[in-house]
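Dumped data37.cif below, it's mmCIF, C-alpha atoms and all ligand atoms:
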```
data_model
#
loop_
_atom_site.label_atom_id
_atom_site.label_comp_id
_atom_site.auth_asym_id
_atom_site.auth_seq_id
_atom_site.Cartn_x
_atom_site.Cartn_y
_atom_site.Cartn_z
CA MET A 1 -72.58 16.61 13.59
CA LYS A 2 -69.34 17.07 11.69
CA ILE A 3 -66.55 19.08 13.30
CA PRO A 4 -63.40 19.65 11.23
CA TYR A 5 -60.02 20.69 12.72
CA GLY A 6 -60.21 24.06 10.96
CA LYS A 7 -62.72 25.96 8.86
CA GLN A 8 -63.17 29.31 7.12
CA HIS A 9 -65.74 31.83 8.28
CA ILE A 10 -67.51 33.76 5.49
CA THR A 11 -69.89 36.61 6.34
CA GLU A 12 -72.38 38.66 4.30
CA ALA A 13 -69.83 41.49 4.34
CA ASP A 14 -67.28 39.17 2.70
CA ILE A 15 -69.76 38.21 -0.02
CA HIS A 16 -70.64 41.85 -0.61
CA ALA A 17 -66.95 42.80 -0.93
CA VAL A 18 -66.41 40.12 -3.60
CA THR A 19 -69.51 40.93 -5.66
CA GLU A 20 -68.54 44.63 -5.71
CA VAL A 21 -65.28 43.71 -7.44
CA LEU A 22 -67.13 41.52 -9.95
CA LYS A 23 -69.07 44.63 -11.01
CA ALA A 24 -65.92 46.80 -11.22
CA ASP A 25 -63.23 47.19 -13.89
CA PHE A 26 -60.54 44.80 -12.71
CA LEU A 27 -60.83 41.10 -12.01
CA THR A 28 -57.12 40.57 -11.54
CA THR A 29 -54.43 43.16 -10.73
CA GLY A 30 -56.40 46.26 -9.75
CA PRO A 31 -56.84 48.56 -6.75
CA LYS A 32 -57.75 45.78 -4.30
CA VAL A 33 -54.33 44.16 -4.57
CA LYS A 34 -52.56 47.32 -3.44
CA GLU A 35 -55.16 48.00 -0.76
CA PHE A 36 -54.79 44.46 0.62
CA GLU A 37 -51.00 44.79 0.63
CA GLU A 38 -51.09 48.13 2.45
CA LYS A 39 -53.65 47.01 5.03
CA PHE A 40 -51.83 43.73 5.62
CA ALA A 41 -48.44 45.45 6.07
CA SER A 42 -50.03 47.84 8.53
CA TYR A 43 -51.71 44.98 10.45
CA ILE A 44 -48.45 43.03 10.71
CA GLY A 45 -46.21 46.06 11.18
CA SER A 46 -43.91 45.52 8.18
CA LYS A 47 -42.81 48.22 5.72
CA TYR A 48 -43.78 46.31 2.57
CA ALA A 49 -46.12 43.51 1.53
CA VAL A 50 -46.45 41.69 -1.79
CA ALA A 51 -49.64 39.71 -2.43
CA VAL A 52 -49.24 36.54 -4.49
CA ALA A 53 -51.18 33.52 -5.74
CA ASN A 54 -50.66 31.31 -2.67
CA GLY A 55 -48.27 30.68 0.22
CA THR A 56 -46.18 28.24 -1.79
CA ALA A 57 -45.64 30.84 -4.54
CA ALA A 58 -44.65 33.28 -1.78
CA LEU A 59 -41.98 30.86 -0.54
CA HIS A 60 -40.76 30.20 -4.09
CA LEU A 61 -40.38 33.92 -4.79
CA CYS A 62 -38.54 34.43 -1.49
CA ALA A 63 -36.07 31.66 -2.35
CA MET A 64 -35.56 33.22 -5.79
CA ALA A 65 -35.13 36.73 -4.40
CA LEU A 66 -32.47 35.41 -1.98
CA GLU A 67 -30.75 33.69 -4.91
CA VAL A 68 -31.06 30.10 -3.76
CA ASP A 69 -29.34 27.85 -6.30
CA SER A 70 -27.71 24.44 -6.54
CA ASN A 71 -24.90 25.56 -4.21
CA SER A 72 -27.34 26.57 -1.45
CA LYS A 73 -27.87 24.56 1.73
CA VAL A 74 -30.87 25.72 3.72
CA ILE A 75 -31.90 24.68 7.24
CA THR A 76 -35.54 24.14 8.22
CA THR A 77 -37.78 22.11 10.52
CA PRO A 78 -39.23 18.73 9.53
CA ILE A 79 -42.48 19.54 11.36
CA THR A 80 -44.09 21.82 8.80
CA PHE A 81 -46.09 21.82 5.61
CA ALA A 82 -44.01 20.52 2.69
CA ALA A 83 -43.83 23.90 0.94
CA SER A 84 -41.49 25.33 3.64
CA ALA A 85 -38.80 22.97 2.34
CA ASN A 86 -39.95 22.49 -1.27
CA CYS A 87 -39.22 26.13 -2.12
CA VAL A 88 -35.51 25.40 -1.69
CA ARG A 89 -35.76 22.42 -4.04
CA TYR A 90 -37.61 24.51 -6.69
CA CYS A 91 -34.39 26.54 -6.95
CA GLY A 92 -32.13 23.48 -6.94
CA GLY A 93 -30.86 23.99 -3.38
CA SER A 94 -30.59 21.30 -0.74
CA VAL A 95 -32.64 21.07 2.44
CA GLU A 96 -31.06 20.27 5.81
CA PHE A 97 -33.56 19.34 8.48
CA CYS A 98 -32.85 20.15 12.14
CA ASP A 99 -34.77 18.81 15.12
CA ILE A 100 -37.54 20.63 17.01
CA ASP A 101 -37.69 21.81 20.61
CA PRO A 102 -40.09 19.32 22.27
CA GLU A 103 -41.69 22.07 24.39
CA THR A 104 -42.40 24.73 21.77
CA LEU A 105 -42.40 22.34 18.76
CA VAL A 106 -40.52 24.86 16.57
CA LEU A 107 -37.00 24.61 15.14
CA ASP A 108 -34.53 24.21 18.04
CA ILE A 109 -31.98 27.01 17.76
CA GLU A 110 -29.39 24.96 19.69
CA LYS A 111 -29.63 22.16 17.13
CA VAL A 112 -29.20 24.72 14.36
CA ARG A 113 -26.16 26.18 16.14
CA GLN A 114 -24.58 22.73 16.47
CA LYS A 115 -25.11 22.11 12.76
CA LEU A 116 -23.55 25.45 11.83
CA GLU A 117 -20.59 24.91 14.17
CA SER A 118 -19.87 21.46 12.77
CA ALA A 119 -19.23 22.74 9.22
CA PRO A 120 -16.87 25.34 7.76
CA LYS A 121 -18.34 28.86 7.61
CA GLY A 122 -20.01 29.48 4.27
CA THR A 123 -21.50 25.96 4.10
CA TYR A 124 -25.06 27.17 4.70
CA SER A 125 -27.03 29.98 3.04
CA GLY A 126 -30.15 30.46 5.08
CA ILE A 127 -32.68 29.32 7.66
CA ILE A 128 -36.44 28.92 7.28
CA PRO A 129 -38.00 28.89 10.76
CA VAL A 130 -41.72 28.16 10.92
CA ASP A 131 -44.10 29.61 13.53
CA PHE A 132 -45.62 26.15 13.79
CA THR A 133 -49.20 26.02 15.19
CA GLY A 134 -49.01 29.83 15.59
CA TYR A 135 -46.27 29.73 18.21
CA PRO A 136 -43.90 32.63 17.43
CA VAL A 137 -40.28 31.67 16.87
CA ASN A 138 -37.85 33.94 18.76
CA LEU A 139 -36.36 35.55 15.68
CA GLU A 140 -34.11 37.90 17.63
CA ALA A 141 -32.07 34.87 18.70
CA PHE A 142 -32.15 33.39 15.19
CA ARG A 143 -31.02 36.73 13.71
CA ALA A 144 -27.98 36.87 15.99
CA LEU A 145 -27.04 33.32 14.99
CA ALA A 146 -27.70 33.98 11.30
CA ASP A 147 -25.52 37.10 11.39
CA GLU A 148 -22.64 35.14 12.89
CA TYR A 149 -22.73 32.86 9.85
CA GLY A 150 -23.88 35.31 7.16
CA LEU A 151 -27.25 33.63 6.64
CA TRP A 152 -30.59 34.98 5.52
CA ILE A 153 -33.90 34.14 7.26
CA ILE A 154 -37.28 33.45 5.68
CA GLU A 155 -39.94 33.26 8.39
CA ASP A 156 -42.79 30.93 7.42
CA ALA A 157 -45.57 32.74 9.30
CA CYS A 158 -48.50 30.92 7.66
CA HIS A 159 -49.75 29.82 11.08
CA SER A 160 -49.10 33.02 12.95
CA PRO A 161 -50.73 36.23 11.68
CA GLY A 162 -51.39 38.19 14.89
CA GLY A 163 -48.81 36.23 16.89
CA TRP A 164 -45.88 37.93 18.65
CA PHE A 165 -42.88 37.26 20.84
CA THR A 166 -41.17 39.60 23.31
CA ASP A 167 -37.62 40.61 22.42
CA SER A 168 -34.77 41.30 24.87
CA ALA A 169 -35.78 44.98 25.10
CA GLY A 170 -39.26 43.93 26.23
CA THR A 171 -40.86 44.95 22.91
CA GLN A 172 -43.60 42.85 21.32
CA GLN A 173 -42.47 41.74 17.87
CA ASN A 174 -45.27 40.65 15.57
CA CYS A 175 -44.75 37.54 13.48
CA GLY A 176 -43.80 38.59 9.98
CA ASN A 177 -42.98 42.22 10.88
CA GLY A 178 -39.57 42.04 9.22
CA ALA A 179 -37.67 43.30 12.29
CA TYR A 180 -35.41 40.23 12.34
CA ALA A 181 -36.23 38.04 9.32
CA ASP A 182 -35.29 39.17 5.80
CA LEU A 183 -38.61 37.98 4.44
CA ALA A 184 -41.78 36.43 5.90
CA ILE A 185 -44.64 34.66 4.20
CA PHE A 186 -48.33 34.02 4.86
CA SER A 187 -51.05 31.89 3.24
CA PHE A 188 -54.74 32.63 2.70
CA HIS A 189 -55.81 29.03 2.17
CA PRO A 190 -59.32 28.53 3.65
CA VAL A 191 -57.99 26.74 6.71
CA LYS A 192 -55.69 29.65 7.68
CA HIS A 193 -56.66 32.73 9.77
CA ILE A 194 -57.50 34.86 6.74
CA ALA A 195 -59.21 33.02 3.87
CA CYS A 196 -59.08 34.05 0.21
CA GLY A 197 -59.59 30.57 -1.26
CA GLU A 198 -56.03 30.71 -2.55
CA GLY A 199 -53.63 33.51 -1.76
CA GLY A 200 -50.37 34.44 -0.11
CA MET A 201 -48.37 37.42 1.11
CA ILE A 202 -44.71 38.23 1.52
CA THR A 203 -43.72 40.88 4.07
CA THR A 204 -40.33 42.60 4.37
CA ASN A 205 -38.64 45.80 5.49
CA ASP A 206 -36.02 45.59 2.73
CA PRO A 207 -36.71 47.93 -0.23
CA ILE A 208 -34.40 46.04 -2.61
CA LEU A 209 -35.97 42.66 -1.93
CA TYR A 210 -39.40 44.29 -2.20
CA LYS A 211 -38.70 45.56 -5.73
CA LYS A 212 -37.27 42.22 -6.75
CA LEU A 213 -40.35 40.37 -5.50
CA LEU A 214 -42.71 42.64 -7.47
CA GLN A 215 -40.67 41.91 -10.58
CA LEU A 216 -40.53 38.13 -10.05
CA ARG A 217 -44.29 38.00 -9.38
CA THR A 218 -44.96 39.18 -12.94
CA HIS A 219 -42.62 37.13 -15.15
CA GLY A 220 -39.50 39.10 -14.16
CA MET A 221 -40.67 42.16 -16.09
CA ILE A 222 -40.09 45.78 -15.06
CA TYR A 223 -42.09 48.73 -16.29
CA GLN A 224 -42.07 52.50 -16.84
CA GLY A 225 -40.86 54.47 -13.87
CA ASP A 226 -38.45 51.74 -12.71
CA ASP A 227 -34.91 53.07 -12.46
CA ARG A 228 -33.55 49.63 -13.31
CA LEU A 229 -34.67 49.89 -16.98
CA ILE A 230 -31.62 49.63 -19.24
CA GLU A 231 -33.23 51.25 -22.31
CA ASN A 232 -36.47 53.15 -22.87
CA HIS A 233 -38.23 53.30 -26.24
CA GLY A 234 -41.48 54.96 -25.11
CA ARG A 235 -44.56 54.56 -22.91
CA TRP A 236 -45.11 50.95 -23.99
CA TYR A 237 -41.59 49.90 -23.18
CA MET A 238 -40.84 47.30 -20.52
CA GLU A 239 -37.98 44.91 -19.97
CA LEU A 240 -37.71 41.25 -19.13
CA GLN A 241 -34.56 41.34 -17.04
CA GLU A 242 -34.95 38.10 -15.13
CA LEU A 243 -36.96 34.93 -15.38
CA GLY A 244 -40.05 35.19 -13.19
CA TYR A 245 -43.51 33.65 -13.02
CA ASN A 246 -47.15 34.61 -13.10
CA TYR A 247 -47.79 34.42 -9.37
CA ARG A 248 -50.38 37.21 -9.27
CA ILE A 249 -53.50 37.11 -7.09
CA PRO A 250 -56.83 38.36 -8.50
CA ASP A 251 -58.52 41.54 -7.25
CA ILE A 252 -61.59 39.41 -6.45
CA LEU A 253 -59.66 37.41 -3.87
CA CYS A 254 -57.95 40.48 -2.42
CA ALA A 255 -61.38 42.01 -1.75
CA LEU A 256 -62.22 38.91 0.26
CA GLY A 257 -58.86 39.15 2.01
CA ILE A 258 -59.43 42.80 2.98
CA SER A 259 -62.85 41.97 4.39
CA GLN A 260 -61.46 38.99 6.33
CA LEU A 261 -58.50 41.03 7.58
CA SER A 262 -60.89 43.55 9.15
CA ARG A 263 -62.13 40.72 11.43
CA ALA A 264 -58.72 39.15 12.08
CA ASP A 265 -58.42 40.39 15.65
CA GLU A 266 -61.89 39.09 16.53
CA GLY A 267 -60.90 35.68 15.21
CA LEU A 268 -57.70 35.75 17.22
CA VAL A 269 -59.56 36.53 20.45
CA ARG A 270 -61.86 33.58 19.83
CA ARG A 271 -58.95 31.26 18.98
CA ARG A 272 -57.20 32.21 22.24
CA ALA A 273 -60.39 31.63 24.24
CA ILE A 274 -60.81 28.17 22.71
CA ALA A 275 -57.16 27.37 23.52
CA ALA A 276 -57.50 28.61 27.12
CA LYS A 277 -60.46 26.29 27.66
CA TYR A 278 -58.64 23.28 26.18
CA ASP A 279 -55.56 24.12 28.30
CA ALA A 280 -57.65 24.27 31.48
CA VAL A 281 -59.64 21.06 31.00
CA PHE A 282 -56.65 18.96 29.88
CA ALA A 283 -54.29 20.25 32.60
CA SER A 284 -55.04 17.44 35.03
CA SER A 285 -55.45 14.69 32.43
CA ALA A 286 -53.21 12.35 30.45
CA VAL A 287 -53.55 14.69 27.48
CA HIS A 288 -50.27 16.59 27.06
CA THR A 289 -50.72 20.25 26.07
CA HIS A 290 -48.23 22.94 25.01
CA VAL A 291 -49.04 26.07 26.99
CA PRO A 292 -46.96 29.08 25.87
CA LYS A 293 -45.13 31.38 28.28
CA SER A 294 -47.02 34.53 29.27
CA ASP A 295 -44.70 36.83 27.28
CA THR A 296 -45.73 35.08 24.06
CA GLY A 297 -48.70 35.88 21.80
CA HIS A 298 -49.71 32.52 20.35
CA ALA A 299 -51.84 32.83 17.20
CA TYR A 300 -53.38 29.32 17.46
CA HIS A 301 -53.75 28.28 13.86
CA LEU A 302 -53.66 24.80 15.37
CA TYR A 303 -54.31 23.36 18.80
CA VAL A 304 -52.04 20.35 19.12
CA VAL A 305 -52.05 17.84 21.98
CA GLU A 306 -49.97 14.71 22.48
CA VAL A 307 -51.37 11.40 23.68
CA ASN A 308 -50.38 7.75 23.93
CA ASN A 309 -52.34 5.63 21.43
CA ARG A 310 -52.82 8.57 19.10
CA LYS A 311 -54.31 6.45 16.28
CA GLU A 312 -56.99 5.13 18.63
CA LEU A 313 -58.00 8.67 19.60
CA TYR A 314 -57.99 9.79 15.96
CA ASP A 315 -60.26 6.87 14.94
CA LYS A 316 -62.58 7.30 17.95
CA LEU A 317 -63.03 11.02 17.27
CA ARG A 318 -63.77 10.31 13.61
CA GLU A 319 -66.52 7.89 14.60
CA GLU A 320 -68.07 10.79 16.53
CA GLY A 321 -67.81 13.14 13.55
CA ILE A 322 -64.79 15.00 14.93
CA TYR A 323 -62.26 15.30 12.13
CA ALA A 324 -59.03 15.91 14.03
CA GLN A 325 -55.87 16.04 11.90
CA ILE A 326 -52.19 15.19 12.19
CA HIS A 327 -49.67 18.04 11.70
CA TYR A 328 -47.28 16.92 10.39
CA ILE A 329 -45.66 13.72 9.18
CA PRO A 330 -41.94 14.66 9.52
CA LEU A 331 -40.72 15.83 6.12
CA HIS A 332 -37.40 13.97 6.28
CA LYS A 333 -39.43 10.72 6.38
CA MET A 334 -41.26 11.51 3.15
CA PRO A 335 -40.19 9.32 0.19
CA TYR A 336 -39.21 12.45 -1.75
CA TYR A 337 -36.92 13.77 0.99
CA GLN A 338 -35.55 10.27 1.59
CA GLN A 339 -34.13 10.81 -1.91
CA HIS A 340 -33.12 14.41 -1.20
CA GLY A 341 -31.22 14.79 2.05
CA GLY A 342 -33.50 13.01 4.51
CA GLN A 343 -31.98 9.54 4.18
CA GLY A 344 -30.27 8.15 7.23
CA ILE A 345 -30.93 11.15 9.47
CA SER A 346 -32.57 10.78 12.83
CA LEU A 347 -34.46 13.64 14.46
CA PRO A 348 -35.72 12.04 17.68
CA TYR A 349 -37.91 14.84 19.00
CA ALA A 350 -39.68 15.36 15.68
CA GLU A 351 -40.23 11.63 15.32
CA GLN A 352 -41.48 11.17 18.88
CA TYR A 353 -43.77 14.18 18.53
CA TYR A 354 -45.25 12.77 15.31
CA SER A 355 -46.06 9.46 17.00
CA ARG A 356 -48.18 11.25 19.63
CA CYS A 357 -49.60 14.42 18.09
CA ILE A 358 -53.16 15.25 17.10
CA SER A 359 -54.70 18.64 16.19
CA LEU A 360 -58.08 19.26 17.81
CA PRO A 361 -60.76 21.50 16.26
CA MET A 362 -59.64 25.16 16.38
CA TYR A 363 -61.42 27.88 14.43
CA PRO A 364 -63.34 31.04 15.40
CA SER A 365 -66.81 29.74 14.50
CA LEU A 366 -66.40 26.60 16.66
CA THR A 367 -69.28 26.87 19.13
CA ASP A 368 -69.07 26.24 22.88
CA GLU A 369 -71.32 23.19 22.45
CA GLU A 370 -69.06 21.78 19.76
CA GLN A 371 -65.95 22.37 21.82
CA ASN A 372 -67.58 20.79 24.89
CA PHE A 373 -68.45 17.76 22.77
CA VAL A 374 -64.82 17.47 21.61
CA ILE A 375 -63.53 17.83 25.18
CA GLU A 376 -65.95 15.21 26.48
CA LYS A 377 -64.80 12.68 23.87
CA VAL A 378 -61.09 13.37 24.35
CA LEU A 379 -61.34 13.13 28.15
CA ALA A 380 -63.38 9.92 27.92
CA PHE A 381 -60.58 8.46 25.82
CA ALA A 382 -57.82 9.69 28.14
CA LYS A 383 -59.33 8.00 31.21
C1 LIG A 401 -50.44 26.54 4.27
C2 LIG A 401 -48.97 26.56 4.45
C3 LIG A 401 -48.08 26.82 3.40
C4 LIG A 401 -48.51 26.93 1.97
O1 LIG A 401 -49.52 27.79 1.70
P1 LIG A 401 -50.48 27.57 0.41
O2 LIG A 401 -51.21 28.86 0.35
O3 LIG A 401 -51.34 26.41 0.69
O4 LIG A 401 -49.58 27.36 -0.77
C5 LIG A 401 -46.73 26.93 3.69
N1 LIG A 401 -46.27 26.74 4.94
C6 LIG A 401 -47.08 26.45 5.97
C7 LIG A 401 -46.50 26.27 7.34
C8 LIG A 401 -48.46 26.34 5.76
O5 LIG A 401 -49.26 26.02 6.79
#
```
Represent the structure contained in this file as structure tokens.
Amino acid sequence: MKIPYGKQHITEADIHAVTEVLKADFLTTGPKVKEFEEKFASYIGSKYAVAVANGTAALHLCAMALEVDSNSKVITTPITFAASANCVRYCGGSVEFCDIDPETLVLDIEKVRQKLESAPKGTYSGIIPVDFTGYPVNLEAFRALADEYGLWIIEDACHSPGGWFTDSAGTQQNCGNGAYADLAIFSFHPVKHIACGEGGMITTNDPILYKKLLQLRTHGMIYQGDDRLIENHGRWYMELQELGYNYRIPDILCALGISQLSRADEGLVRRRAIAAKYDAVFASSAVHTHVPKSDTGHAYHLYVVEVNNRKELYDKLREEGIYAQIHYIPLHKMPYYQQHGGQGISLPYAEQYYSRCISLPMYPSLTDEEQNFVIEKVLAFAK
């Protein structure tokens, strides 16, 4: 038996959706891209969505659209995938890591506030909060803070499609819905909720940013019908007004994404059931869990626990064929970030969390037998 920490789930319907596109007219930009964008925006509850090559490209385009440059200082969490911070570096900006809240494991807004208060206004440009593990960051609070300091917000929602928090009016706010963040991004890497192989999405409610993102996704070019054209020589005419990239996603992959999206809620129900079982069995053990408050819709990309002797548990599980994973090594400790802003900083909660964390298997097709096997091995270790 081999049980990974996460795994895609491909059905016959998914395969059918992909082969239909192979027989049609467009392999890359065609009708499936638009359909995927519209269905995704409607699922998340945002006005606009832009499908791109992967989640990292999505972050890069967001940083470009918000005009990150060598004068920009951007705040993010060290407990995330590298791309959340790297996108700032792609544009020449500098990354400032702030510590996590040890309960929720996401960026601690109080630490961010302290950082902002300790520097003259105008020092920082933006904040990139991450819905780490699928736990929804309270973006209403971050928006209020960001507005005080004139900052933008990019929500990294790669872990949280289907997640939500409750705002002060008692309204459920879906992760990535654009109500509070300027831009949000998702990934369709096979290990994420919705698998395309490679793929990403940017969501926003801002029409100007939306137009800019479409332009940057295709080299920076704008086409017929765009009121930003400076000249117009005829039907063929287009303009390169900015420097962009080829960050397009093929129609083939969007067809897979659409098919996967139609089962997203089913997957979420299963993820939450798996989490509830883990929560219950570990409650009275030495395994430390992170149970969200009842007004929070956790999306459970990951199920993280903390233990003493983490390496021993990791090795023991591996011997049993259980491939648990560690999310993440704090980014400020990485040799690259030691050279780029991480040197000499101490983020005690992130560092302590890293020394104890381990992500247990969490994916919709994990069977009850498999989960019971994992639980049995973890509890045997914890005794
Ligand atoms: C997966 C992931 C990304 C990057 O997505 P790719 O599609 O792999 O480029 C960015 N941020 C977080 C938090 C992720 O989990």
Neighbouring residues of stretch 194-205 of chain A were defined as those with any atom within 6 Å, considering only C-alpha atoms; residues of the same chain fewer than 2 positions away were excluded. Please report them as a short mmCIF file (atom, residue, chain, number, x, y, z; two decimals) with C-alpha atoms, in the frame of the given file.
```cif
data_model
loop_
_atom_site.label_atom_id
_atom_site.label_comp_id
_atom_site.auth_asym_id
_atom_site.auth_seq_id
_atom_site.Cartn_x
_atom_site.Cartn_y
_atom_site.Cartn_z
CA SER A 46 -43.91 45.52 8.18
CA LYS A 47 -42.81 48.22 5.72
CA TYR A 48 -43.78 46.31 2.57
CA ALA A 49 -46.12 43.51 1.53
CA VAL A 50 -46.45 41.69 -1.79
CA ALA A 51 -49.64 39.71 -2.43
CA VAL A 52 -49.24 36.54 -4.49
CA ALA A 53 -51.18 33.52 -5.74
CA ASN A 54 -50.66 31.31 -2.67
CA GLY A 55 -48.27 30.68 0.22
CA ALA A 58 -44.65 33.28 -1.78
CA GLY A 178 -39.57 42.04 9.22
CA LEU A 183 -38.61 37.98 4.44
CA ALA A 184 -41.78 36.43 5.90
CA ILE A 185 -44.64 34.66 4.20
CA PHE A 186 -48.33 34.02 4.86
CA SER A 187 -51.05 31.89 3.24
CA PHE A 188 -54.74 32.63 2.70
CA HIS A 189 -55.81 29.03 2.17
CA PRO A 190 -59.32 28.53 3.65
CA LYS A 192 -55.69 29.65 7.68
CA LEU A 253 -59.66 37.41 -3.87
CA LEU A 256 -62.22 38.91 0.26
CA GLY A 257 -58.86 39.15 2.01
CA GLN A 260 -61.46 38.99 6.33
#
```
Report as AutoDock Vina command-line options the centre and the edge lengths, in Å to one decimal, of the axis-aligned box holding every listed atom of ligand LIG 401 (chain A), padded by 5 Å on each side.
```
--center_x -48.8 --center_y 27.4 --center_z 3.3 --size_x 15.1 --size_y 12.8 --size_z 18.1
```
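Straight-line separation from atom CA of A:Val106 to atom CA of A:Tyr353: 11.3 Å.
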**Request:** Go through A:Phe282, A:Tyr349, A:Phe40, A:Tyr300 one by one, measure the shortest atom-to-atom distance of each to A:Ala382 using only C-alpha atoms, and give the residue with the smallest value.
**Result:** A:Phe282
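Across the model, the gap from atom CA of A:Lys121 to atom CA of A:Gly150 is 8.5 Å.
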**Item:** Polymer residues at most 8 Å from stretch 140-146 of chain A, all atoms listed in the file, same-chain spacing of 6 or more positions, as a ChimeraX atom specification
**Value:** /A:109,113,126-127,152-153,167,180-181
**For A:Glu110: contacts at 12 Å, only C-alpha atoms, fewer than 5 positions along chain excluded, given as a PyMOL selection string** = chain A and resi 98-101+115-117+141-142+145
**Request:** Record the distance separating atom CA of A:Thr166 and atom CA of A:Val291, expressed in Å with one decimal.
**Result:**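 These two atoms are separated by 16.1 Å.
Closest approach to A:Leu214 from the set A:Leu261, A:Val304, A:Ala65, A:Ala283 is made by A:Ala65, with distances taken over only C-alpha atoms.
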**Message:** Could you check the closest approach to ligand LIG 401 (chain A) for each of A:Ile249, A:Ile3, A:Met238, A:Leu268 and tell me which residue wins, using all atoms listed in the file?
**Reply:**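 Selected residue with least distance to ligand LIG 401 (chain A): A:Ile249.
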**Message:** I need the residue nearest ligand LIG 401 (chain A) from this list: A:Gly162, A:Gly134, A:Pro207, A:Gly45. Use all atoms listed in the file for the distance.
**Reply:**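 The closest residue to ligand LIG 401 (chain A) is A:Gly134.
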**Request:** Name the closest residue to A:Thr28 among the candidates A:Phe381, A:Tyr247, A:Tyr90, A:Tyr124; distances are taken between atoms, counting all atoms listed in the file.
**Result:**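 The answer is A:Tyr247, which sits nearest to A:Thr28.
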**Request:** Name the residues in contact with A:Leu213 at a cut-off of 8 Å, using all atoms listed in the file, excluding same-chain residues fewer than 2 positions from it; report them as a PyMOL selection string.
**Result:** chain A and resi 50+61-62+65+209-211+215-217
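Compared by their closest atoms to A:Leu66, and using all atoms listed in the file, the residues A:Ile208, A:Ile258, A:Leu243, A:Leu313 rank with A:Ile208 nearest.
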**Asked** Can you tell me, as a ChimeraX atom specification, which residues sit within 7 Å of (-47.4, 13.7, 16.0) in the file's frame, using only C-alpha atoms?
**Response** /A:326-328,353-358
Tell me which protein, DNA and RNA residues are within 12 Å of stretch 269-279 of chain A, counting only C-alpha atoms, leaving out same-chain ones fewer than 2 positions away, and put them as a CSV table (one decimal) with C-alpha atoms, in the coordinates of the input.
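File produced: out24.csv:
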```csv
chain,number,residue,atom,x,y,z
A,6,GLY,CA,-60.2,24.1,11.0
A,133,THR,CA,-49.2,26.0,15.2
A,134,GLY,CA,-49.0,29.8,15.6
A,135,TYR,CA,-46.3,29.7,18.2
A,160,SER,CA,-49.1,33.0,13.0
A,162,GLY,CA,-51.4,38.2,14.9
A,163,GLY,CA,-48.8,36.2,16.9
A,192,LYS,CA,-55.7,29.6,7.7
A,193,HIS,CA,-56.7,32.7,9.8
A,263,ARG,CA,-62.1,40.7,11.4
A,264,ALA,CA,-58.7,39.2,12.1
A,265,ASP,CA,-58.4,40.4,15.6
A,266,GLU,CA,-61.9,39.1,16.5
A,267,GLY,CA,-60.9,35.7,15.2
A,281,VAL,CA,-59.6,21.1,31.0
A,282,PHE,CA,-56.6,19.0,29.9
A,283,ALA,CA,-54.3,20.2,32.6
A,284,SER,CA,-55.0,17.4,35.0
A,285,SER,CA,-55.4,14.7,32.4
A,287,VAL,CA,-53.6,14.7,27.5
A,288,HIS,CA,-50.3,16.6,27.1
A,289,THR,CA,-50.7,20.2,26.1
A,290,HIS,CA,-48.2,22.9,25.0
A,291,VAL,CA,-49.0,26.1,27.0
A,292,PRO,CA,-47.0,29.1,25.9
A,296,THR,CA,-45.7,35.1,24.1
A,297,GLY,CA,-48.7,35.9,21.8
A,298,HIS,CA,-49.7,32.5,20.4
A,299,ALA,CA,-51.8,32.8,17.2
A,300,TYR,CA,-53.4,29.3,17.5
A,301,HIS,CA,-53.8,28.3,13.9
A,302,LEU,CA,-53.7,24.8,15.4
A,303,TYR,CA,-54.3,23.4,18.8
A,304,VAL,CA,-52.0,20.4,19.1
A,305,VAL,CA,-52.0,17.8,22.0
A,359,SER,CA,-54.7,18.6,16.2
A,360,LEU,CA,-58.1,19.3,17.8
A,361,PRO,CA,-60.8,21.5,16.3
A,362,MET,CA,-59.6,25.2,16.4
A,363,TYR,CA,-61.4,27.9,14.4
A,364,PRO,CA,-63.3,31.0,15.4
A,365,SER,CA,-66.8,29.7,14.5
A,366,LEU,CA,-66.4,26.6,16.7
A,367,THR,CA,-69.3,26.9,19.1
A,368,ASP,CA,-69.1,26.2,22.9
A,369,GLU,CA,-71.3,23.2,22.4
A,370,GLU,CA,-69.1,21.8,19.8
A,371,GLN,CA,-66.0,22.4,21.8
A,372,ASN,CA,-67.6,20.8,24.9
A,373,PHE,CA,-68.4,17.8,22.8
A,374,VAL,CA,-64.8,17.5,21.6
A,375,ILE,CA,-63.5,17.8,25.2
A,376,GLU,CA,-66.0,15.2,26.5
A,378,VAL,CA,-61.1,13.4,24.4
A,379,LEU,CA,-61.3,13.1,28.2
```
